[in-house]
Every structure is written in C-alpha cells, then in structure tokens.
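File shown here: start-v7.tsv, holding TSV, C-alpha atoms.
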chain	number	residue	atom	x	y	z
A	20	MET	CA	26.85	42.52	-1.84
A	21	ALA	CA	25.10	39.30	-2.81
A	22	ASN	CA	24.19	36.84	-0.11
A	23	ILE	CA	26.20	33.62	-0.43
A	24	TYR	CA	22.95	31.66	-0.14
A	25	ASP	CA	21.26	33.44	-3.05
A	26	ASP	CA	22.32	30.77	-5.55
A	27	VAL	CA	21.42	27.76	-3.45
A	28	VAL	CA	18.98	25.59	-5.38
A	29	GLU	CA	16.62	23.25	-3.56
A	30	VAL	CA	17.16	19.68	-4.67
A	31	ALA	CA	13.95	18.07	-5.86
A	32	ARG	CA	12.90	15.03	-3.87
A	33	ARG	CA	12.04	11.75	-5.48
A	34	THR	CA	8.59	10.21	-5.14
A	35	MET	CA	7.34	7.11	-3.34
A	36	VAL	CA	3.76	6.08	-4.10
A	37	LEU	CA	1.76	4.31	-1.40
A	38	PHE	CA	-1.02	2.27	-3.01
A	39	PHE	CA	-4.13	1.26	-1.09
A	40	VAL	CA	-5.86	-1.59	-2.96
A	41	VAL	CA	-9.19	-2.10	-1.20
A	42	ASP	CA	-11.75	-4.87	-1.52
A	43	THR	CA	-15.16	-3.12	-1.48
A	44	SER	CA	-17.27	-6.20	-2.26
A	45	GLY	CA	-20.58	-6.76	-0.47
A	46	SER	CA	-19.05	-8.94	2.24
A	47	MET	CA	-17.06	-5.91	3.42
A	48	ASP	CA	-20.25	-4.01	4.23
A	49	GLY	CA	-20.89	-2.88	7.78
A	50	ALA	CA	-18.19	-2.90	10.46
A	51	LYS	CA	-15.39	-3.96	8.09
A	52	ILE	CA	-15.64	-1.11	5.60
A	53	GLY	CA	-16.56	1.36	8.35
A	54	THR	CA	-13.49	0.47	10.40
A	55	LEU	CA	-11.27	0.50	7.33
A	56	ASN	CA	-12.46	3.97	6.28
A	57	GLN	CA	-11.96	5.42	9.74
A	58	ALA	CA	-8.57	3.80	10.29
A	59	ILE	CA	-7.08	4.98	7.00
A	60	GLU	CA	-8.48	8.49	7.50
A	61	ASP	CA	-6.90	8.57	10.97
A	62	VAL	CA	-3.45	7.49	9.76
A	63	ILE	CA	-3.17	9.99	6.88
A	64	PRO	CA	-1.80	12.80	9.12
A	65	GLU	CA	1.06	10.50	10.18
A	66	ILE	CA	1.88	9.71	6.54
A	67	ARG	CA	1.71	13.44	5.80
A	68	GLU	CA	4.21	14.10	8.58
A	69	ILE	CA	6.58	11.35	7.40
A	70	SER	CA	6.53	12.85	3.91
A	71	GLY	CA	7.01	16.41	5.13
A	72	ASN	CA	10.03	15.48	7.24
A	73	ASN	CA	11.65	13.30	4.59
A	74	ALA	CA	14.56	14.84	2.71
A	75	ASP	CA	14.79	11.90	0.29
A	76	ALA	CA	11.26	11.49	-1.02
A	77	GLU	CA	7.79	12.92	-1.15
A	78	ILE	CA	5.09	10.35	-0.42
A	79	LYS	CA	2.12	10.27	-2.77
A	80	ILE	CA	-1.01	8.18	-2.31
A	81	ALA	CA	-3.09	6.25	-4.85
A	82	VAL	CA	-6.30	4.33	-4.08
A	83	LEU	CA	-7.80	1.48	-6.11
A	84	GLU	CA	-11.08	-0.14	-5.06
A	85	PHE	CA	-12.42	-3.38	-6.51
A	86	SER	CA	-15.78	-5.11	-6.30
A	87	SER	CA	-17.83	-5.70	-9.48
A	88	GLY	CA	-15.00	-4.28	-11.55
A	89	ALA	CA	-12.28	-1.96	-10.28
A	90	LYS	CA	-11.79	1.79	-10.33
A	91	TRP	CA	-9.25	4.34	-9.24
A	92	VAL	CA	-10.50	6.61	-6.49
A	93	THR	CA	-7.48	8.80	-7.25
A	94	PRO	CA	-7.01	9.60	-10.97
A	95	PHE	CA	-3.30	10.02	-10.26
A	96	PRO	CA	-1.04	9.78	-7.17
A	97	ILE	CA	-1.80	12.67	-4.82
A	98	PRO	CA	0.85	14.21	-2.52
A	99	ALA	CA	0.24	13.19	1.08
A	100	ALA	CA	0.16	16.88	2.00
A	101	ASP	CA	-2.95	17.32	-0.16
A	102	PHE	CA	-4.59	13.93	0.25
A	103	GLU	CA	-7.99	13.49	1.89
A	104	TRP	CA	-9.46	10.00	2.31
A	105	GLN	CA	-12.76	9.47	0.48
A	106	TYR	CA	-15.03	7.06	2.33
A	107	LEU	CA	-15.68	3.87	0.37
A	108	ASN	CA	-18.91	1.86	0.21
A	109	ALA	CA	-19.09	-1.93	-0.06
A	110	VAL	CA	-21.32	-3.72	-2.58
A	111	GLY	CA	-20.93	-6.27	-5.37
A	112	LEU	CA	-18.52	-9.08	-6.26
A	113	THR	CA	-14.75	-9.49	-5.80
A	114	ASP	CA	-13.11	-8.88	-9.18
A	115	PHE	CA	-9.54	-9.25	-7.98
A	116	GLY	CA	-8.24	-10.06	-11.47
A	117	VAL	CA	-9.56	-6.74	-12.77
A	118	ALA	CA	-7.78	-4.98	-9.91
A	119	CYS	CA	-4.51	-6.69	-10.85
A	120	ARG	CA	-4.90	-5.49	-14.45
A	121	GLU	CA	-5.55	-1.93	-13.33
A	122	LEU	CA	-2.53	-1.98	-11.04
A	123	ASP	CA	-0.29	-3.40	-13.75
A	124	GLU	CA	-1.35	-0.67	-16.17
A	125	LYS	CA	-0.56	2.15	-13.76
A	126	LEU	CA	2.78	0.73	-12.57
A	127	SER	CA	4.56	2.27	-15.52
A	128	ARG	CA	6.71	5.29	-16.30
A	129	THR	CA	4.00	6.36	-18.73
A	130	ASN	CA	1.40	6.38	-15.94
A	131	PHE	CA	1.69	6.61	-12.16
A	132	MET	CA	5.48	6.19	-12.00
A	133	SER	CA	6.30	9.07	-14.34
A	134	ASP	CA	7.50	11.68	-11.84
A	135	ILE	CA	10.26	13.71	-13.49
A	136	THR	CA	12.35	13.69	-10.31
A	137	GLY	CA	12.38	9.88	-10.29
A	138	SER	CA	10.56	7.35	-8.16
A	139	PHE	CA	11.40	4.87	-5.48
A	140	ALA	CA	9.59	1.58	-5.96
A	141	PRO	CA	6.12	1.78	-4.41
A	142	ALA	CA	4.54	0.26	-1.33
A	143	ILE	CA	1.36	-1.66	-2.13
A	144	PHE	CA	-1.19	-2.37	0.63
A	145	LEU	CA	-3.98	-4.84	-0.24
A	146	LEU	CA	-6.98	-5.32	2.08
A	147	SER	CA	-9.53	-8.08	1.45
A	148	ASP	CA	-11.97	-10.31	3.33
A	149	GLY	CA	-12.81	-12.94	0.73
A	150	ALA	CA	-11.74	-14.69	-2.44
A	151	PRO	CA	-11.80	-13.64	-6.11
A	152	THR	CA	-15.04	-14.10	-8.02
A	153	ASP	CA	-13.31	-13.69	-11.38
A	154	GLU	CA	-10.49	-15.55	-13.16
A	155	TYR	CA	-7.61	-13.72	-11.46
A	156	LYS	CA	-4.58	-15.91	-12.23
A	157	PRO	CA	-3.60	-14.63	-15.72
A	158	SER	CA	-3.83	-11.02	-14.55
A	159	LEU	CA	-1.83	-11.67	-11.38
A	160	ASP	CA	0.82	-13.57	-13.35
A	161	LYS	CA	1.14	-10.60	-15.73
A	162	LEU	CA	1.37	-8.22	-12.79
A	163	TRP	CA	4.28	-10.25	-11.46
A	164	SER	CA	6.15	-9.59	-14.73
A	165	ASN	CA	6.03	-5.86	-13.93
A	166	ASN	CA	9.37	-4.75	-12.48
A	167	TRP	CA	7.82	-2.01	-10.36
A	168	PHE	CA	5.55	-4.60	-8.75
A	169	LYS	CA	8.32	-7.15	-8.27
A	170	LYS	CA	10.45	-4.63	-6.38
A	171	ALA	CA	7.61	-3.04	-4.38
A	172	ILE	CA	6.96	-3.49	-0.70
A	173	LYS	CA	3.87	-5.70	-0.82
A	174	VAL	CA	1.62	-6.54	2.12
A	175	ALA	CA	-1.91	-7.90	2.35
A	176	VAL	CA	-4.28	-7.82	5.30
A	177	ALA	CA	-6.71	-10.74	5.45
A	178	ILE	CA	-9.84	-9.46	7.17
A	179	GLY	CA	-11.41	-12.42	8.96
A	180	GLU	CA	-11.23	-16.17	8.41
A	181	ASP	CA	-13.10	-16.07	5.09
A	182	ALA	CA	-10.21	-14.26	3.40
A	183	ASN	CA	-8.26	-16.54	1.08
A	184	ARG	CA	-4.77	-16.20	2.53
A	185	ASP	CA	-3.23	-18.48	-0.12
A	186	ILE	CA	-4.30	-16.11	-2.89
A	187	LEU	CA	-3.17	-13.09	-0.89
A	188	ALA	CA	0.22	-14.81	-0.52
A	189	GLU	CA	0.35	-15.17	-4.31
A	190	PHE	CA	0.00	-11.39	-4.44
A	191	THR	CA	2.65	-10.58	-1.82
A	192	GLY	CA	5.03	-13.33	-2.90
A	193	ASN	CA	5.14	-15.07	0.47
A	194	SER	CA	2.93	-15.98	3.42
A	195	GLU	CA	4.90	-13.69	5.75
A	196	GLY	CA	3.47	-10.70	3.86
A	197	VAL	CA	-0.12	-11.74	4.69
A	198	LEU	CA	-1.37	-10.44	8.05
A	199	THR	CA	-4.70	-11.64	9.45
A	200	VAL	CA	-7.09	-9.66	11.66
A	201	HIS	CA	-10.33	-10.83	13.26
A	202	ASN	CA	-12.02	-7.74	14.68
A	203	PRO	CA	-12.24	-3.95	14.26
A	204	GLU	CA	-9.60	-3.09	16.87
A	205	ALA	CA	-7.06	-5.43	15.29
A	206	LEU	CA	-7.82	-4.02	11.84
A	207	LYS	CA	-7.25	-0.46	13.04
A	208	LYS	CA	-3.90	-1.39	14.59
A	209	MET	CA	-2.81	-3.25	11.46
A	210	ILE	CA	-3.76	-0.44	9.08
A	211	ARG	CA	-1.79	2.04	11.14
A	212	PHE	CA	1.25	-0.26	11.40
A	213	VAL	CA	1.38	-1.16	7.72
A	214	SER	CA	0.71	2.37	6.47
A	215	VAL	CA	3.29	4.03	8.71
A	216	THR	CA	5.99	1.36	8.51
A	217	SER	CA	5.82	0.91	4.72
A	218	SER	CA	5.89	4.69	4.27
A	219	GLN	CA	8.95	5.05	6.50
A	220	ILE	CA	10.87	2.23	4.86
A	221	GLY	CA	9.75	2.77	1.28
A	222	SER	CA	10.52	6.49	1.16
A	223	LYS	CA	14.11	6.40	2.35
A	224	SER	CA	17.22	6.04	0.25
A	225	SER	CA	18.80	2.63	0.18
A	226	ALA	CA	22.16	2.20	1.83
A	227	VAL	CA	23.27	0.31	-1.28
A	228	GLY	CA	23.15	2.21	-4.53
A	229	LYS	CA	21.01	5.17	-5.54
A	230	GLY	CA	19.14	3.73	-8.47
A	231	GLY	CA	15.47	3.32	-9.23
A	232	ILE	CA	13.87	0.00	-8.50
A	233	ASP	CA	16.90	-2.25	-8.01
A	234	GLU	CA	17.23	-1.29	-4.35
A	235	VAL	CA	13.91	-2.36	-2.94
A	236	LYS	CA	14.16	-6.10	-2.29
A	237	SER	CA	16.00	-5.21	0.91
A	238	LYS	CA	13.17	-2.84	1.83
A	239	GLN	CA	10.65	-5.69	1.57
A	240	GLU	CA	12.86	-7.74	3.84
A	241	GLU	CA	13.21	-4.83	6.24
A	242	PHE	CA	9.44	-4.44	6.34
A	243	LEU	CA	8.94	-8.13	7.13
A	244	ASP	CA	11.58	-7.84	9.87
A	245	GLN	CA	9.50	-5.07	11.43
A	246	VAL	CA	6.41	-7.29	11.19
A	247	ASN	CA	8.21	-10.07	13.05
A	248	VAL	CA	9.35	-7.64	15.76
A	249	ALA	CA	5.80	-6.35	16.18
A	250	TYR	CA	4.42	-9.88	16.52
A	251	SER	CA	7.10	-10.86	19.03
A	252	ASN	CA	6.31	-7.74	21.08
A	253	GLY	CA	2.63	-8.66	21.17
A	254	ASP	CA	1.62	-5.57	19.20
A	255	PHE	CA	-0.85	-7.58	17.10
A	256	GLU	CA	-2.61	-9.48	19.86
A	257	ASP	CA	-5.97	-10.63	18.52
A	258	ASP	CA	-8.70	-12.27	20.58
A	259	PHE	CA	-10.02	-14.05	17.44
A	260	ILE	CA	-13.52	-12.79	18.11
A	261	GLU	CA	-14.98	-12.44	14.63
A	262	TRP	CA	-16.85	-9.48	13.21
Kindly transcribe the structure held in the file into structure tokens.
Amino acid sequence: MANIYDDVVEVARRTMVLFFVVDTSGSMDGAKIGTLNQAIEDVIPEIREISGNNADAEIKIAVLEFSSGAKWVTPFPIPAADFEWQYLNAVGLTDFGVACRELDEKLSRTNFMSDITGSFAPAIFLLSDGAPTDEYKPSLDKLWSNNWFKKAIKVAVAIGEDANRDILAEFTGNSEGVLTVHNPEALKKMIRFVSVTSSQIGSKSSAVGKGGIDEVKSKQEEFLDQVNVAYSNGDFEDDFIEW
C-alpha cells in the first residue's frame, strides 16, 4: 500500500539576494577594512540560519567591491548555506560610479535576478568611508531607473566623518537610510544589525500580494522602523572617537 505522503512535492522557495557593496579604496586600509572583514565573516552564520529556517525564501549573497574600478567578488549570487566571506584588501581610488554601473547591470532577470523560482527584491548594503573620485551621477541616476533597485531595501553605512553622507543618501533615497559609525565597535554592531535585519525583512512574504518587486516599498519602511527602534533603545551608542 502506497504511503499517502509519497506524492508530496516540496515547494521550491523563492530567492532573496543580499548585496554587500564595499568601498575598498585606500582610505579604508587598516582598522576599517579589518573590522569590516571580521564583522561580515562573523555574521554569515546568522544569515545562514535565517535562510535555512525560512519557508518563503532562500537567501543568496553577492559581493561587489569598488576602488580603482569595481569587481564582483562573487561571480553570481551564492546560497548563504555555501557562502564563505573572502577577506578584502583596501587600496586605490573610490570609483563609486563604476560600482553603480556594475550593480545596475546585474539587477536584471538576465543576470543576478534570474532564479527560476522567482525572486524577492534584494537588500543592498553599501559601506563607504569617503566620497566618489569619479563622475558618479549619471550612473547613479541610471541605477535609479532600475525597478529592482527602486524596490530594494537600501541602506548605507558611513564609516567616519569623512564619508559623504549626502551622496550616500542619494543612493538610499533618503537620509534615514544612512547610518554613521565612528569606531570599530560601532561598525561591528551596525554590520550585524543591518545584515540580520535586512535578511529577515527582505526574505519574508509580504502581507499584501504575492508578486515580484511590487511588494517591497513596505519592507524598506519596515527596515527603517527597526532602525528607529534600535536608535531609541540606545543600541547604536557611539562615543564618536574616530578611527
């Protein structure tokens, strides 16, 4: 007699890509890049657990670094279960415009968003300590015409007072999405918070509708609500002692 469960088919989960966009210019050398590497490596197991316990979506990770030019550390989004952080080195300029072009190219159903099971809009985490050294505006404007980018959870961490928070706000769409840190301990806390919170929010089904990228504006708002709660709880206390 056949078991009644023999014909049960596992439903494929959708995908949510978490992008790390990392400034690896020369000014990041030393404690900044060292802390960043260690903090992201330390948080990967938590992202792996969130993905493994999520019935709605599998989290995948993509890493783009930019300095004198930009390059993908990951040739394609890698499942969190298989992802290992590769330590980044810091040298060169800050070609933010090139990074925007690379991101725009990959945010497409013919590239990184091509999963056959479907994709939630991504979460994009930008970390930078300076200002662009190239002509970034045309590339950023084009990126903002990309629907995947418009509907993504977008957050930027400004590392130190030399970071251009106005330009980072152009990337996130508002100043509330730009979070400033002044020392290694604050950076570690912020990387953990952003990585975990954006993964939790971005990889769950929306309460309104089930479709692609139309659902995610509310997720951006939900993420910013969590930021405000964390600030009000004193989770991001920063003694403003610089690097």
Residues within 9 Å of Trp91 of chain A, all atoms listed in the file, excluding chain neighbours under 5 positions, as JSON, numbers by chain = {"A": [81, 82, 83, 84, 85, 121]}
Find, counting all atoms listed in the file, the residue in A:Ser214, A:Ser127, A:Ser46, A:Gln245 that gets nearest to Gly179 of chain A.
->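 Smallest separation from Gly179 of chain A among the options: A:Ser46.
Nearest to Gly253 of chain A of all the residues A:Val213, A:Ala31, A:Val36, A:Ala205 is A:Ala205, counting only C-alpha atoms.
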Within 8 Å of Leu55 of chain A, counting only C-alpha atoms, which residues show up once you throw out same-chain ones fewer than 5 positions away? Write them as an MDAnalysis selection string, please.
-> chainID A and resid 206:207 210
Contact residues around segment 96-109 of chain A with all atoms listed in the file at 6 Å, ignoring same-chain residues under 4 positions, as a list in words =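 These residues fall inside the cut-off: Thr43, Ser44, Gly45, Met47, Asp48, Asn56, Glu60, Arg67, Ile78, Lys79, Ile80 and Ala81 of chain A.
Picture a line from atom CA of Phe38 of chain A to atom CA of Phe131 of chain A; it runs 10.5 Å.
With all atoms listed in the file as the atoms that count, the residue of A:Glu68, A:Asp153, A:Asp123, A:Asp257 with the shortest distance to Asn166 of chain A is A:Asp123.
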Please measure the separation of atom CA of Lys90 of chain A and atom CA of Pro64 of chain A, giving the value in Å to one decimal.
->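 Separation between atom CA of Lys90 of chain A and atom CA of Pro64 of chain A: 24.5 Å.
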Around the point (-0.6, -8.9, 17.5), in the coordinates given by the file, pick out the residues reaching within 12 Å, counting only C-alpha atoms, and return them as a PyMOL selection string.
-> chain A and resi 198-202+204-209+212+246-259
Between atom CA of Ile178 of chain A and atom CA of Asp61 of chain A, what is the spacing in Å?
->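 Calculated distance between atom CA of Asp61 of chain A and atom CA of Ile178 of chain A is 18.7 Å.
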Out of A:Thr191, A:Ser87, A:Ser147, A:Ser138, which residue has the shortest atom-to-atom distance to Leu162 of chain A when counting all atoms listed in the file?
-> A:Thr191
So which residues fall inside 12 Å of (8.1, -3.0, -1.9) if we count all atoms listed in the file? Mind giving them as an NGL selection string?
-> :A and (35-38 or 139-144 or 166-175 or 190-192 or 196 or 213 or 216-223 or 232-243)
Counting all atoms listed in the file, figure out which residue out of A:Thr129, A:Ile69, A:Ile59, A:Val40 gets nearest to Ala89 of chain A.
->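 The closest residue to Ala89 of chain A is A:Val40.
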Taking into account all atoms listed in the file, which residue in the set A:Pro94, A:Arg33, A:Thr54, A:Lys161 is nearest to Ala76 of chain A?
->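 Residue with the minimum atom-to-atom distance to Ala76 of chain A: A:Arg33.
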Hey, could you pull the box centre and edge lengths for segment 96-106 of chain A, axis-aligned, 3 Å padding per side, all listed atoms, to one decimal in Å, as JSON?
{"center_x": -7.1, "center_y": 12.2, "center_z": -2.4, "size_x": 21.9, "size_y": 16.3, "size_z": 15.5}
Which polymer residues have any atom within 8 Å of an atom of Arg184 of chain A, counting all atoms listed in the file, with same-chain residues fewer than 6 positions away left out, as a list in words?
-> Ala177, Ser194 and Val197 of chain A
Who sits within 10 Å of Thr152 of chain A, all atoms listed in the file, same chain under 6 positions skipped, as a PyMOL selection string = chain A and resi 86-87+112-116
